Amino acid sequence: MKFDVIVIGAGPAGSAASLLASKAGLKVLTIERGPEPGSKNVSGAMIRVSEIAKVFDTSNLPAEREVKKIKLMLSSKNGDVSVEASPLTKLVTVSRLKFDKFLWQQAENNKALLIPKTTALGIEKDSSSYKVITDRGEIEGDKIVLAEGVNSLLSMKLGLRPELSPESTVQAIKEVYSLNKEEVSKRLNLSSDDGLAWRVISNSPVPYAGFLYTYKDSISVGVGIPMQELIERKIRPYEILDEFEKKFGITELVKGSSLREYSAKIIPEDGFPKWRACKEGIYAVGDSIGLVNPLVFNGIGPAIISGSIAGTAVTESWSCQKYVSELYNSREIKEIAKLRPIESEMLGKGYLSVYDDMITNLIESWISGDLSEVSQYKSQFPSMIKHLLMLWGSMI
Amino acid sequence: MKIEEKLYTLRYKRDEIPHLEIKDQMTCKKCEETYGTPQPCISVCPANVYSWINGKIVVSYENCVECGACKIACPFNNIIWKYPRYGLGIALRYG
């Protein structure tokens with residue numbers, strides 16, 4: 001049996017591609033290495049509902065809590081600065097297994113077929129179609145969507161992308177603590193079903209980003225650390241997570257709860273447009289081409305957008321040139337592409353840590369009525385202006 | 001809480017064939033001479049899959065959380081990294 005499209009991976013990007021292609025009447029087969037969609041996926045899991053709604057019906061979205069408050073904290077040896085804000089757009093937290101299954105269901109309702117517990121090992125080109133070799137046998141298809149996630153072994157094998165390097169990768173680890181619903185609200189000072197998210201930038205003991213999200217009856221916390229820092233300073237990722245939990249009172253916050261899950265994921269800080277997203281009827285999407293927006297911590301939205309573009313590409317047999325330009329034309333993906341230069345400066349050259357130090361120091365001195373500290377950062381001003389301009393450039 | 005206790009929270013079905021392998025132990029020795037201990041793969045692994053015992057890297061692939069960090073961190077590209085077969089390995093509930 002031959003399929004019009006074989007989608008590799010049933011995460012958000014793969015499900016979006018499967019949905020669009022099956023809606024257009026194509027015969028779609030999706031293979032997923034996990035026992036069910038979402039079972040191998042990890043993320044902070046806060047999503048922007050408006051982005052999901054561009055592709056999927058969100059009326060029965062399995063949201064955990066709507067995030068009504070975001071707390072941003074900067075922490076350095078000089079002290080801590082925190083800001084609280086209410087999001088302007090609808091943000092909700094989701095548990096990935098439920099969420100990914102919900103997305104996949106919509107593709108399935110349009111007759112896309114799923115084979116779980118199956119890993120794609122290779123792709124071979126026959127005269128007019130492709131043969132996908134899996135650990136359970138071979139399948140034939142006219143076109144391929146690669147939605148493999150960050151460890152996209154096939155995309156690498158096909159020469160679409162290189163392996164990531166420690167300088168361009170963030171190691172993230174996460175814990176989920178379960179508490180009853182009332183207790184989550186009480187401990188985080190939330191009214192009933194409301195949700196809260198924390199974003200923390202710290203540079204001690206190494207530069208890292210921390211997060212906290214509230215689910216219905218659990219709290220998820222985690223850290224993302226530049227991989228190079230772990231290697232150079234010989235620190236383990238879970239030591240940073242422990243530090244984060246102690247320093248920000250999370251250890252106290254989750255006292256008496258039980259740890260329900262421990263997971264990890266690497267985050268690519270490199271990718272499209274440097275990596276190729278396409279090769280003769282093979283279209284790569286989502287994390288496989290590094291579509292994570294580091295500025296707003298968003299990977300699921302861009303994954304879905306790129307998946308839907310690939311779904312149209314396979315339906316209309318787009319050339320690679322057309323596919324790449326359509327990716328680039330979407331606001332969400334263009335922003336990621338434009339942020340690449342500043343991203344590598346912040347991560348690779350350690351500016352994140354420098355600015356974290358500077359901002360906390362300046363604010364602490366300012367509220368103490370002493371601005372003499374400003375002169376200490378004079379030498380940083382040219383680079384800061386450069387980075388602000390780069391940031392500006394990626395926004396317009 | 002020890003990392004090994006944290007790993008107990010995971011649903012895991014073991015593939016009898018290891019999905020992680022070391023290409024050449026001599027390269028690990030060279031790595032230890034160049035980078036000292038812990039070597040890069042040991043530093044980045046969130047699940048203590050790798051340990052340096054009696055001058056050899058020991059791989060406890062059963063603990064692997066399938067993040068992919070080790071294959072990137074290894075400066076000698078000395079780790080054969082695959083996915084566990086047939087959907088084996090971890091299965092997350094929250095993700």
# chains A, B, ... in the order shown; residues from 1 in each chain; ligands from 1

$ interface_residues --of "chain B" --to "chain A" --cutoff "9 Å" --atoms "only C-alpha atoms" --output "PyMOL selection string"
chain B and resi 3+6-10+37-47+65-69+71-73+82-95

$ write_last_selection --atoms "C-alpha atoms" --output "PDB file, in the first residue's frame"
ATOM      1  CA  ILE B   3      18.660  11.507  40.844  1.00  0.00           C
ATOM      2  CA  LYS B   6      13.745  10.910  40.592  1.00  0.00           C
ATOM      3  CA  LEU B   7      14.116   8.457  37.745  1.00  0.00           C
ATOM      4  CA  TYR B   8      11.757   6.082  39.562  1.00  0.00           C
ATOM      5  CA  THR B   9       8.928   8.469  38.627  1.00  0.00           C
ATOM      6  CA  LEU B  10       9.299   7.470  34.986  1.00  0.00           C
ATOM      7  CA  THR B  37      36.629  13.947  35.042  1.00  0.00           C
ATOM      8  CA  PRO B  38      33.741  14.247  34.756  1.00  0.00           C
ATOM      9  CA  GLN B  39      33.988  14.088  30.979  1.00  0.00           C
ATOM     10  CA  PRO B  40      31.531  16.177  28.902  1.00  0.00           C
ATOM     11  CA  CYS B  41      29.019  13.314  28.429  1.00  0.00           C
ATOM     12  CA  ILE B  42      28.921  12.786  32.188  1.00  0.00           C
ATOM     13  CA  SER B  43      28.483  16.512  32.899  1.00  0.00           C
ATOM     14  CA  VAL B  44      25.512  17.054  30.603  1.00  0.00           C
ATOM     15  CA  CYS B  45      23.576  13.861  31.305  1.00  0.00           C
ATOM     16  CA  PRO B  46      20.539  14.526  33.508  1.00  0.00           C
ATOM     17  CA  ALA B  47      20.083  10.823  34.315  1.00  0.00           C
ATOM     18  CA  VAL B  65      15.602   9.972  29.395  1.00  0.00           C
ATOM     19  CA  GLU B  66      16.258  10.217  25.630  1.00  0.00           C
ATOM     20  CA  CYS B  67      17.171  13.926  25.587  1.00  0.00           C
ATOM     21  CA  GLY B  68      20.085  13.596  23.155  1.00  0.00           C
ATOM     22  CA  ALA B  69      22.543  15.777  25.091  1.00  0.00           C
ATOM     23  CA  LYS B  71      25.843  12.731  21.605  1.00  0.00           C
ATOM     24  CA  ILE B  72      26.250  16.493  21.173  1.00  0.00           C
ATOM     25  CA  ALA B  73      28.509  16.912  24.188  1.00  0.00           C
ATOM     26  CA  LYS B  82      19.749   5.692  18.663  1.00  0.00           C
ATOM     27  CA  TYR B  83      16.160   5.678  19.784  1.00  0.00           C
ATOM     28  CA  PRO B  84      15.010   2.588  21.692  1.00  0.00           C
ATOM     29  CA  ARG B  85      13.160   0.262  19.313  1.00  0.00           C
ATOM     30  CA  TYR B  86       9.393  -0.288  19.045  1.00  0.00           C
ATOM     31  CA  GLY B  87       8.395   2.617  21.289  1.00  0.00           C
ATOM     32  CA  LEU B  88      10.352   1.191  24.228  1.00  0.00           C
ATOM     33  CA  GLY B  89      12.243   3.431  26.637  1.00  0.00           C
ATOM     34  CA  ILE B  90      10.484   6.207  28.543  1.00  0.00           C
ATOM     35  CA  ALA B  91       6.802   7.087  28.273  1.00  0.00           C
ATOM     36  CA  LEU B  92       5.940  10.440  29.812  1.00  0.00           C
ATOM     37  CA  ARG B  93       2.645  11.420  31.437  1.00  0.00           C
ATOM     38  CA  TYR B  94       3.108  15.190  31.715  1.00  0.00           C
ATOM     39  CA  GLY B  95       5.987  15.876  29.343  1.00  0.00           C
TER      40      GLY B  95
END

$ select_by_dssp --residues "range 223-385 of chain A" --states "strand (DSSP E)" --output "list in words"
Val223, Gly224, Ile225, Pro226, Ser258, Leu259, Arg260, Glu261, Tyr262, Ser263, Ala264, Lys265, Ile266, Ile267, Pro268, Cys278, Lys279, Ile282, Tyr283 and Ala284 of chain A

$ write_last_selection --atoms "all heavy atoms" --output "short mmCIF file (atom, residue, chain, number, x, y, z; two decimals), in the first residue's frame"
data_model
loop_
_atom_site.label_atom_id
_atom_site.label_comp_id
_atom_site.auth_asym_id
_atom_site.auth_seq_id
_atom_site.Cartn_x
_atom_site.Cartn_y
_atom_site.Cartn_z
N VAL A 223 14.82 24.12 34.67
CA VAL A 223 15.88 25.05 34.27
C VAL A 223 16.41 24.70 32.89
O VAL A 223 16.36 23.54 32.48
CB VAL A 223 17.07 25.03 35.27
CG1 VAL A 223 16.70 25.65 36.59
CG2 VAL A 223 17.59 23.61 35.49
N GLY A 224 16.90 25.71 32.20
CA GLY A 224 17.60 25.51 30.94
C GLY A 224 18.99 26.11 31.08
O GLY A 224 19.12 27.27 31.50
N ILE A 225 19.99 25.33 30.80
CA ILE A 225 21.37 25.78 31.01
C ILE A 225 22.15 25.62 29.70
O ILE A 225 22.07 24.57 29.07
CB ILE A 225 22.09 24.93 32.09
CG1 ILE A 225 21.18 24.72 33.29
CG2 ILE A 225 23.42 25.54 32.51
CD1 ILE A 225 21.00 23.29 33.70
N PRO A 226 22.91 26.66 29.28
CA PRO A 226 23.74 26.47 28.09
C PRO A 226 24.65 25.25 28.28
O PRO A 226 25.35 25.16 29.30
CB PRO A 226 24.55 27.76 28.01
CG PRO A 226 23.75 28.77 28.77
CD PRO A 226 23.05 27.99 29.86
N SER A 258 4.27 15.24 46.07
CA SER A 258 5.16 14.18 45.60
C SER A 258 5.63 14.47 44.19
O SER A 258 4.91 15.05 43.38
CB SER A 258 4.45 12.83 45.67
OG SER A 258 3.29 12.88 44.88
N LEU A 259 6.87 14.09 43.93
CA LEU A 259 7.42 14.27 42.59
C LEU A 259 6.76 13.25 41.67
O LEU A 259 6.80 12.05 41.93
CB LEU A 259 8.95 14.06 42.61
CG LEU A 259 9.63 14.21 41.26
CD1 LEU A 259 9.59 15.65 40.79
CD2 LEU A 259 11.07 13.73 41.32
N ARG A 260 6.13 13.75 40.60
CA ARG A 260 5.42 12.84 39.71
C ARG A 260 6.22 12.47 38.46
O ARG A 260 6.04 11.43 37.87
CB ARG A 260 4.08 13.47 39.28
CG ARG A 260 3.04 13.50 40.35
CD ARG A 260 2.68 12.11 40.87
NE ARG A 260 2.16 11.21 39.84
CZ ARG A 260 0.92 11.23 39.39
NH1 ARG A 260 0.06 12.08 39.90
NH2 ARG A 260 0.51 10.39 38.47
N GLU A 261 7.09 13.42 38.04
CA GLU A 261 7.82 13.12 36.81
C GLU A 261 9.09 13.95 36.72
O GLU A 261 9.11 15.11 37.12
CB GLU A 261 6.93 13.41 35.60
CG GLU A 261 7.48 12.88 34.30
CD GLU A 261 6.42 12.85 33.21
OE1 GLU A 261 5.68 11.85 33.16
OE2 GLU A 261 6.31 13.83 32.45
N TYR A 262 10.10 13.34 36.19
CA TYR A 262 11.38 14.01 35.96
C TYR A 262 11.71 13.82 34.48
O TYR A 262 11.62 12.70 33.97
CB TYR A 262 12.44 13.35 36.83
CG TYR A 262 13.86 13.84 36.61
CD1 TYR A 262 14.27 15.08 37.09
CD2 TYR A 262 14.79 13.05 35.93
CE1 TYR A 262 15.58 15.53 36.90
CE2 TYR A 262 16.10 13.50 35.74
CZ TYR A 262 16.48 14.73 36.23
OH TYR A 262 17.77 15.17 36.04
N SER A 263 11.99 14.90 33.77
CA SER A 263 12.24 14.74 32.34
C SER A 263 13.28 15.75 31.86
O SER A 263 13.65 16.67 32.59
CB SER A 263 10.93 14.91 31.56
OG SER A 263 10.35 16.15 31.86
N ALA A 264 13.73 15.57 30.63
CA ALA A 264 14.77 16.44 30.09
C ALA A 264 14.60 16.61 28.59
O ALA A 264 14.00 15.77 27.92
CB ALA A 264 16.14 15.85 30.38
N LYS A 265 15.11 17.72 28.11
CA LYS A 265 15.02 18.00 26.67
C LYS A 265 16.15 18.95 26.30
O LYS A 265 16.50 19.81 27.10
CB LYS A 265 13.69 18.68 26.38
CG LYS A 265 13.48 19.02 24.91
CD LYS A 265 12.34 20.00 24.73
CE LYS A 265 11.95 20.23 23.29
NZ LYS A 265 12.98 20.24 22.28
N ILE A 266 16.71 18.79 25.11
CA ILE A 266 17.65 19.81 24.67
C ILE A 266 16.92 20.80 23.76
O ILE A 266 15.98 20.43 23.06
CB ILE A 266 18.89 19.22 23.95
CG1 ILE A 266 18.49 18.28 22.81
CG2 ILE A 266 19.78 18.49 24.94
CD1 ILE A 266 19.65 17.86 21.94
N ILE A 267 17.33 22.06 23.85
CA ILE A 267 16.69 23.11 23.06
C ILE A 267 17.69 23.63 22.03
O ILE A 267 18.78 24.06 22.39
CB ILE A 267 16.20 24.25 23.98
CG1 ILE A 267 15.24 23.69 25.03
CG2 ILE A 267 15.51 25.36 23.16
CD1 ILE A 267 14.88 24.66 26.12
N PRO A 268 17.32 23.56 20.75
CA PRO A 268 18.26 24.04 19.72
C PRO A 268 18.26 25.56 19.66
O PRO A 268 17.21 26.19 19.70
CB PRO A 268 17.66 23.46 18.43
CG PRO A 268 16.19 23.33 18.71
CD PRO A 268 16.06 23.09 20.19
N CYS A 278 14.17 21.56 3.32
CA CYS A 278 13.48 20.85 2.24
C CYS A 278 14.46 20.21 1.27
O CYS A 278 15.58 20.69 1.09
CB CYS A 278 12.63 21.89 1.51
SG CYS A 278 11.73 21.26 0.10
N LYS A 279 14.01 19.09 0.69
CA LYS A 279 14.80 18.39 -0.32
C LYS A 279 13.84 17.55 -1.16
O LYS A 279 13.22 16.63 -0.61
CB LYS A 279 15.81 17.50 0.41
CG LYS A 279 16.79 16.78 -0.47
CD LYS A 279 17.71 15.95 0.43
CE LYS A 279 18.72 15.18 -0.39
NZ LYS A 279 19.67 14.43 0.42
N ILE A 282 10.64 16.31 0.33
CA ILE A 282 10.79 16.07 1.77
C ILE A 282 10.80 17.43 2.47
O ILE A 282 11.60 18.30 2.12
CB ILE A 282 12.11 15.32 2.09
CG1 ILE A 282 12.16 13.99 1.34
CG2 ILE A 282 12.27 15.10 3.58
CD1 ILE A 282 13.46 13.22 1.53
N TYR A 283 9.88 17.61 3.40
CA TYR A 283 9.74 18.91 4.06
C TYR A 283 9.96 18.74 5.57
O TYR A 283 9.30 17.92 6.20
CB TYR A 283 8.34 19.48 3.81
CG TYR A 283 7.97 19.54 2.34
CD1 TYR A 283 7.39 18.44 1.71
CD2 TYR A 283 8.21 20.68 1.58
CE1 TYR A 283 7.05 18.48 0.35
CE2 TYR A 283 7.88 20.74 0.22
CZ TYR A 283 7.31 19.62 -0.38
OH TYR A 283 6.99 19.66 -1.72
N ALA A 284 10.88 19.52 6.14
CA ALA A 284 11.16 19.41 7.58
C ALA A 284 10.47 20.55 8.34
O ALA A 284 10.36 21.66 7.83
CB ALA A 284 12.66 19.44 7.82
#

$ select_by_dssp --residues "range 46-240 of chain A" --states "alpha helix (DSSP H)" --output "VMD selection string"
chain A and resid 49 to 52 96 to 109 153 to 157 181 to 187 227 to 233 237 to 240

$ closest_residue --among "A:Ser288, A:Ser330, A:Ser365, A:Asn189" --to "Pro162 in chain A" --atoms "only C-alpha atoms"
A:Ser288

$ closest_residue --among "A:Ser15, A:Gln106, A:Asn180, A:Ser191" --to "Ser59 in chain A" --atoms "only C-alpha atoms"
A:Gln106

$ residues_around --residues "Glu326 in chain A" --least-positions-apart "5" --cutoff "10 Å" --atoms "only C-alpha atoms" --output "ChimeraX atom specification"
/A:306,309-310,313,318,320-321,333-334

$ write_last_selection --atoms "C-alpha atoms" --output "CSV table (one decimal), in the first residue's frame"
chain,number,residue,atom,x,y,z
A,306,SER,CA,5.5,25.2,10.1
A,309,ILE,CA,2.7,25.1,5.9
A,310,ALA,CA,4.3,21.6,5.2
A,313,ALA,CA,3.3,22.0,0.6
A,318,TRP,CA,5.5,22.9,-3.7
A,320,CYS,CA,11.7,23.7,-2.0
A,321,GLN,CA,12.1,27.3,-2.9
A,333,ILE,CA,9.1,31.8,11.8
A,334,LYS,CA,10.5,35.0,10.4

$ closest_residue --among "B:Cys70, B:Glu62, B:Tyr35, B:Lys2" --to "Ile17 in chain B" --atoms "only C-alpha atoms"
B:Glu62
